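Shown next: data_17.csv, given as CSV, C-alpha atoms.
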```csv
chain,number,residue,atom,x,y,z
J,754,MET,CA,-138.0,75.5,-74.1
J,755,ASN,CA,-134.4,75.8,-73.0
J,756,GLU,CA,-133.0,74.5,-69.8
J,757,GLU,CA,-132.8,77.9,-68.2
J,758,THR,CA,-136.5,78.5,-68.4
J,759,GLN,CA,-137.9,75.2,-67.2
J,760,HIS,CA,-140.1,75.1,-64.2
J,761,PRO,CA,-140.8,74.4,-61.4
J,762,ILE,CA,-137.8,75.7,-59.5
J,763,LEU,CA,-137.0,75.0,-55.9
J,764,GLY,CA,-135.6,77.8,-53.7
J,765,ILE,CA,-133.5,76.8,-50.7
J,766,ASP,CA,-132.6,78.9,-47.6
J,767,HIS,CA,-129.9,76.8,-46.0
J,768,GLY,CA,-129.4,76.9,-42.2
J,769,ASP,CA,-127.6,74.7,-39.7
J,770,ALA,CA,-130.8,73.8,-37.8
J,771,ARG,CA,-133.5,74.4,-40.4
J,772,ILE,CA,-133.7,74.6,-44.2
J,773,GLY,CA,-136.5,76.6,-45.8
J,774,LEU,CA,-137.9,75.6,-49.1
J,775,ALA,CA,-140.0,77.5,-51.7
J,776,ILE,CA,-141.2,76.4,-55.1
J,777,THR,CA,-142.4,78.2,-58.2
J,778,ASP,CA,-145.7,77.6,-59.8
J,779,PRO,CA,-145.5,75.4,-62.9
J,780,VAL,CA,-144.8,78.4,-65.2
J,781,GLY,CA,-142.3,80.1,-62.9
J,782,ILE,CA,-144.2,83.3,-62.3
J,783,MET,CA,-144.5,83.2,-58.5
J,784,ALA,CA,-142.7,81.5,-55.6
J,785,HIS,CA,-144.6,79.9,-52.8
J,786,PRO,CA,-143.6,78.5,-49.4
J,787,LEU,CA,-143.2,74.8,-49.5
J,788,GLU,CA,-141.8,73.4,-46.2
J,789,THR,CA,-139.2,73.6,-43.5
J,790,ILE,CA,-136.7,70.8,-43.1
J,791,HIS,CA,-135.6,70.3,-39.5
J,792,VAL,CA,-132.1,69.0,-39.9
J,793,LYS,CA,-132.0,67.1,-36.6
J,794,THR,CA,-134.9,64.9,-37.6
J,795,THR,CA,-134.8,64.8,-41.4
J,796,ASN,CA,-131.9,64.2,-43.8
J,797,PRO,CA,-132.1,67.4,-46.0
J,798,ILE,CA,-130.4,65.8,-49.0
J,799,ASP,CA,-132.7,62.8,-49.1
J,800,ARG,CA,-135.8,65.1,-48.5
J,801,ILE,CA,-134.9,67.5,-51.3
J,802,HIS,CA,-134.1,64.6,-53.7
J,803,THR,CA,-137.6,63.2,-52.9
J,804,LEU,CA,-139.2,66.6,-53.6
J,805,ILE,CA,-137.2,66.9,-56.9
J,806,ASN,CA,-138.7,63.6,-58.0
J,807,GLU,CA,-142.2,64.1,-56.7
J,808,ARG,CA,-142.6,67.7,-57.9
J,809,HIS,CA,-140.6,67.3,-61.1
J,810,ILE,CA,-138.2,70.1,-60.1
J,811,LYS,CA,-136.1,71.4,-63.1
J,812,GLN,CA,-133.7,73.8,-61.3
J,813,LEU,CA,-132.5,74.6,-57.8
J,814,VAL,CA,-131.7,78.1,-56.4
J,815,LEU,CA,-129.6,78.1,-53.3
J,816,GLY,CA,-129.1,81.2,-51.2
J,817,LEU,CA,-125.5,82.0,-50.7
J,818,PRO,CA,-124.6,84.0,-47.5
J,819,LEU,CA,-122.2,86.7,-48.6
J,820,HIS,CA,-120.5,89.4,-46.5
J,821,MET,CA,-121.7,92.9,-47.2
J,822,ASP,CA,-118.6,93.5,-49.3
J,823,GLY,CA,-119.6,90.5,-51.5
J,824,SER,CA,-116.9,88.2,-50.2
J,825,GLU,CA,-117.5,84.6,-49.0
J,826,GLY,CA,-116.8,83.3,-45.6
J,827,THR,CA,-117.3,80.2,-43.5
J,828,ALA,CA,-121.1,80.2,-43.9
J,829,ALA,CA,-120.8,80.4,-47.7
J,830,ASN,CA,-118.3,77.5,-47.7
J,831,LYS,CA,-120.9,75.4,-45.8
J,832,VAL,CA,-123.6,76.3,-48.3
J,833,ARG,CA,-121.3,75.5,-51.3
J,834,ALA,CA,-120.5,72.1,-49.7
J,835,PHE,CA,-124.2,71.5,-49.2
J,836,GLY,CA,-124.8,72.4,-52.9
J,837,ALA,CA,-122.1,70.1,-54.1
J,838,GLU,CA,-123.6,67.2,-52.0
J,839,LEU,CA,-127.1,68.0,-53.2
J,840,THR,CA,-126.2,67.9,-56.9
J,841,GLU,CA,-123.9,64.9,-56.6
J,842,ASN,CA,-126.6,62.4,-57.8
J,843,ILE,CA,-129.0,64.6,-59.7
J,844,ASN,CA,-128.7,66.2,-63.2
J,845,ILE,CA,-130.5,69.5,-62.8
J,846,PRO,CA,-128.9,73.0,-62.7
J,847,LEU,CA,-128.0,74.5,-59.4
J,848,HIS,CA,-127.8,78.3,-59.2
J,849,TYR,CA,-126.4,80.3,-56.3
J,850,ILE,CA,-127.8,83.8,-55.5
J,851,ASP,CA,-126.7,86.3,-52.8
J,852,GLU,CA,-129.1,85.8,-49.9
J,853,SER,CA,-128.1,89.0,-48.1
J,854,LEU,CA,-131.0,90.5,-46.2
J,855,THR,CA,-133.5,88.0,-47.4
J,856,THR,CA,-134.4,86.9,-43.8
J,857,VAL,CA,-134.8,90.5,-42.8
J,858,ALA,CA,-137.1,91.2,-45.8
J,859,ALA,CA,-139.1,88.0,-45.0
J,860,ALA,CA,-139.4,88.9,-41.3
J,861,GLU,CA,-140.7,92.4,-42.3
J,862,LYS,CA,-143.3,91.0,-44.7
J,863,LEU,CA,-144.4,88.5,-42.1
J,864,HIS,CA,-144.7,91.3,-39.5
J,865,GLN,CA,-146.8,93.4,-41.9
J,866,ALA,CA,-149.0,90.4,-42.4
J,867,GLY,CA,-149.6,90.3,-38.6
J,868,LYS,CA,-147.1,87.5,-37.7
J,869,ASN,CA,-145.1,88.5,-34.6
J,870,SER,CA,-141.7,87.0,-33.9
J,871,LYS,CA,-143.1,84.0,-32.1
J,872,LYS,CA,-145.5,83.2,-34.9
J,873,GLN,CA,-142.7,83.7,-37.5
J,874,LYS,CA,-140.5,81.0,-36.0
J,875,ASN,CA,-142.1,78.1,-37.9
J,876,ILE,CA,-142.3,79.9,-41.3
J,877,ILE,CA,-139.5,82.4,-41.4
J,878,ASP,CA,-137.2,79.9,-43.3
J,879,GLN,CA,-139.8,79.2,-45.9
J,880,ALA,CA,-140.4,83.0,-46.3
J,881,ALA,CA,-136.7,83.6,-46.7
J,882,ALA,CA,-136.6,80.8,-49.4
J,883,VAL,CA,-139.5,82.6,-51.2
J,884,GLU,CA,-137.4,85.9,-51.1
J,885,ILE,CA,-134.4,84.0,-52.5
J,886,LEU,CA,-136.4,82.4,-55.3
J,887,ASN,CA,-138.2,85.7,-56.1
J,888,ASN,CA,-134.9,87.5,-56.3
J,889,TRP,CA,-133.5,84.9,-58.7
J,890,LEU,CA,-136.7,84.9,-60.8
J,891,ALA,CA,-136.6,88.7,-61.1
J,892,ASN,CA,-133.0,88.6,-62.4
J,893,ASN,CA,-133.3,85.5,-64.6
J,894,SER,CA,-136.8,85.3,-66.1
J,895,PRO,CA,-137.5,86.6,-69.5
J,896,ASP,CA,-139.7,89.7,-69.7
J,897,PRO,CA,-143.4,88.8,-69.8
J,898,ILE,CA,-145.2,89.3,-73.1
J,899,PHE,CA,-148.3,91.5,-72.4
```

Please, can you express the file's structure as structure tokens?
Amino acid sequence: MNEETQHPILGIDHGDARIGLAITDPVGIMAHPLETIHVKTTNPIDRIHTLINERHIKQLVLGLPLHMDGSEGTAANKVRAFGAELTENINIPLHYIDESLTTVAAAEKLHQAGKNSKKQKNIIDQAAAVEILNNWLANNSPDPIF
């Protein structure tokens, strides 16, 4: 198995206040919500390093907030700095993927599942991380053999 197809993979929706996490199943078919890190009370780098070790994470996928024209701005710079800090002491691949509209898609799916805006607050970041990870999987996984 080459490095690009190793699982599980951790998806990350970075935010200033909260960071949503999602993880693939062991074979990388589906992404599932994992947890939300509240930045004021938990060091996100330490928590993610702990999860990498506990869950035997093989790759990271970090959502990159791009402008609609594909360019990067201040928010993308923050995410890239976070990614650099995150991978400073680990030796697993980090992939960036455009996270445009993932929170909107996540909110719509939660709404369809009967979660109103108030009920979404605690899980929206994880749901966005699931969207980020599923988008990456759709573009980077080999075709299934059926």

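Distances from J:Leu787, J:Ala829, J:Ile762, J:Ile845 to J:Leu774 were compared using only C-alpha atoms, and the smallest one belongs to J:Leu787.
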
Show which residues sit within 8 Å of J:Gly764, as an MDAnalysis selection string. Count all atoms listed in the file, and ignore same-chain residues fewer than 3 positions away. chainID J and resid 774:776 813:816 882:883 885:886

Considering all atoms listed in the file, return as a count of residues only whatever protein or nucleic-acid residues lie within 12 Å of J:Ala834, sequence-local ones (same chain, fewer than 6 positions apart) excluded. 8

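Atom CA of J:Asp878 to atom CA of J:Ile810 spans 19.5 Å [interatomic distance, one decimal].
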
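Our summary of the geometry notes that atom CA of J:Glu788 is positioned 26.9 Å from atom CA of J:Glu825.
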
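Take the candidates J:Ser824, J:Gln812, J:Asn796, J:Asn806 and check each one against J:Gly781 using all atoms listed in the file; the shortest distance goes to J:Gln812.
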
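What separates atom CA of J:Ile765 from atom CA of J:Asp799 is a distance of 14.1 Å.
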
Find the residues around J:His809 up to 10 Å (all atoms listed in the file counted), leave out those fewer than 2 positions away in its own chain, and share them as an MDAnalysis selection string. chainID J and resid 760:763 779 803:807 811:812

Go through J:Gly823, J:Asn842, J:Gln759, J:Glu852 one by one, measure the shortest atom-to-atom distance of each to J:Ala881 using only C-alpha atoms, and give the residue with the smallest value. J:Glu852

What would stretch 807-837 of chain J look like with N, CA and C atoms restored, written as an mmCIF file, keeping the file's coordinate frame?
```cif
data_model
loop_
_atom_site.group_PDB
_atom_site.id
_atom_site.type_symbol
_atom_site.label_atom_id
_atom_site.label_comp_id
_atom_site.auth_asym_id
_atom_site.auth_seq_id
_atom_site.Cartn_x
_atom_site.Cartn_y
_atom_site.Cartn_z
ATOM 1 N N GLU J 807 -140.788 64.012 -56.818
ATOM 2 C CA GLU J 807 -142.200 64.100 -56.700
ATOM 3 C C GLU J 807 -142.804 65.349 -57.406
ATOM 4 N N ARG J 808 -142.088 66.453 -57.345
ATOM 5 C CA ARG J 808 -142.600 67.700 -57.900
ATOM 6 C C ARG J 808 -142.017 68.044 -59.260
ATOM 7 N N HIS J 809 -141.194 67.141 -59.790
ATOM 8 C CA HIS J 809 -140.600 67.300 -61.100
ATOM 9 C C HIS J 809 -139.819 68.650 -61.202
ATOM 10 N N ILE J 810 -139.016 68.905 -60.174
ATOM 11 C CA ILE J 810 -138.200 70.100 -60.100
ATOM 12 C C ILE J 810 -137.188 70.111 -61.235
ATOM 13 N N LYS J 811 -137.045 71.246 -61.905
ATOM 14 C CA LYS J 811 -136.100 71.400 -63.100
ATOM 15 C C LYS J 811 -134.860 72.128 -62.727
ATOM 16 N N GLN J 812 -134.896 72.970 -61.679
ATOM 17 C CA GLN J 812 -133.700 73.800 -61.300
ATOM 18 C C GLN J 812 -133.765 74.008 -59.795
ATOM 19 N N LEU J 813 -132.588 74.280 -59.237
ATOM 20 C CA LEU J 813 -132.500 74.600 -57.800
ATOM 21 C C LEU J 813 -131.827 75.995 -57.704
ATOM 22 N N VAL J 814 -132.292 76.778 -56.739
ATOM 23 C CA VAL J 814 -131.700 78.100 -56.400
ATOM 24 C C VAL J 814 -131.361 78.050 -54.941
ATOM 25 N N LEU J 815 -130.084 78.175 -54.649
ATOM 26 C CA LEU J 815 -129.600 78.100 -53.300
ATOM 27 C C LEU J 815 -129.032 79.425 -52.840
ATOM 28 N N GLY J 816 -129.581 79.933 -51.734
ATOM 29 C CA GLY J 816 -129.100 81.200 -51.200
ATOM 30 C C GLY J 816 -127.691 81.089 -50.680
ATOM 31 N N LEU J 817 -126.847 82.032 -51.067
ATOM 32 C CA LEU J 817 -125.500 82.000 -50.700
ATOM 33 C C LEU J 817 -125.214 83.226 -49.735
ATOM 34 N N PRO J 818 -124.842 82.953 -48.478
ATOM 35 C CA PRO J 818 -124.600 84.000 -47.500
ATOM 36 C C PRO J 818 -123.306 84.759 -47.759
ATOM 37 N N LEU J 819 -123.384 85.914 -48.369
ATOM 38 C CA LEU J 819 -122.200 86.700 -48.600
ATOM 39 C C LEU J 819 -122.035 87.803 -47.602
ATOM 40 N N HIS J 820 -120.793 88.218 -47.384
ATOM 41 C CA HIS J 820 -120.500 89.400 -46.500
ATOM 42 C C HIS J 820 -121.039 90.613 -47.282
ATOM 43 N N MET J 821 -121.200 91.713 -46.561
ATOM 44 C CA MET J 821 -121.700 92.900 -47.200
ATOM 45 C C MET J 821 -120.796 93.439 -48.311
ATOM 46 N N ASP J 822 -119.521 93.084 -48.273
ATOM 47 C CA ASP J 822 -118.600 93.500 -49.300
ATOM 48 C C ASP J 822 -118.617 92.506 -50.520
ATOM 49 N N GLY J 823 -119.488 91.473 -50.443
ATOM 50 C CA GLY J 823 -119.600 90.500 -51.500
ATOM 51 C C GLY J 823 -118.678 89.310 -51.397
ATOM 52 N N SER J 824 -117.821 89.298 -50.396
ATOM 53 C CA SER J 824 -116.900 88.200 -50.200
ATOM 54 C C SER J 824 -117.582 87.005 -49.534
ATOM 55 N N GLU J 825 -116.965 85.839 -49.649
ATOM 56 C CA GLU J 825 -117.500 84.600 -49.000
ATOM 57 C C GLU J 825 -116.713 84.283 -47.788
ATOM 58 N N GLY J 826 -117.408 83.745 -46.812
ATOM 59 C CA GLY J 826 -116.800 83.300 -45.600
ATOM 60 C C GLY J 826 -117.128 81.881 -45.254
ATOM 61 N N THR J 827 -117.044 81.537 -43.993
ATOM 62 C CA THR J 827 -117.300 80.200 -43.500
ATOM 63 C C THR J 827 -118.714 79.714 -43.860
ATOM 64 N N ALA J 828 -119.695 80.582 -43.652
ATOM 65 C CA ALA J 828 -121.100 80.200 -43.900
ATOM 66 C C ALA J 828 -121.287 79.896 -45.408
ATOM 67 N N ALA J 829 -120.700 80.692 -46.284
ATOM 68 C CA ALA J 829 -120.800 80.400 -47.700
ATOM 69 C C ALA J 829 -120.126 79.129 -48.095
ATOM 70 N N ASN J 830 -119.008 78.823 -47.448
ATOM 71 C CA ASN J 830 -118.300 77.500 -47.700
ATOM 72 C C ASN J 830 -119.231 76.370 -47.341
ATOM 73 N N LYS J 831 -119.957 76.467 -46.222
ATOM 74 C CA LYS J 831 -120.900 75.400 -45.800
ATOM 75 C C LYS J 831 -122.003 75.233 -46.860
ATOM 76 N N VAL J 832 -122.518 76.348 -47.352
ATOM 77 C CA VAL J 832 -123.600 76.300 -48.300
ATOM 78 C C VAL J 832 -123.085 75.690 -49.646
ATOM 79 N N ARG J 833 -121.894 76.070 -50.072
ATOM 80 C CA ARG J 833 -121.300 75.500 -51.300
ATOM 81 C C ARG J 833 -121.103 73.986 -51.148
ATOM 82 N N ALA J 834 -120.648 73.549 -49.961
ATOM 83 C CA ALA J 834 -120.500 72.100 -49.700
ATOM 84 C C ALA J 834 -121.817 71.397 -49.756
ATOM 85 N N PHE J 835 -122.849 72.015 -49.185
ATOM 86 C CA PHE J 835 -124.200 71.500 -49.200
ATOM 87 C C PHE J 835 -124.673 71.360 -50.675
ATOM 88 N N GLY J 836 -124.447 72.403 -51.460
ATOM 89 C CA GLY J 836 -124.800 72.400 -52.900
ATOM 90 C C GLY J 836 -124.148 71.312 -53.653
ATOM 91 N N ALA J 837 -122.863 71.121 -53.383
ATOM 92 C CA ALA J 837 -122.100 70.100 -54.100
ATOM 93 C C ALA J 837 -122.669 68.695 -53.717
#
```
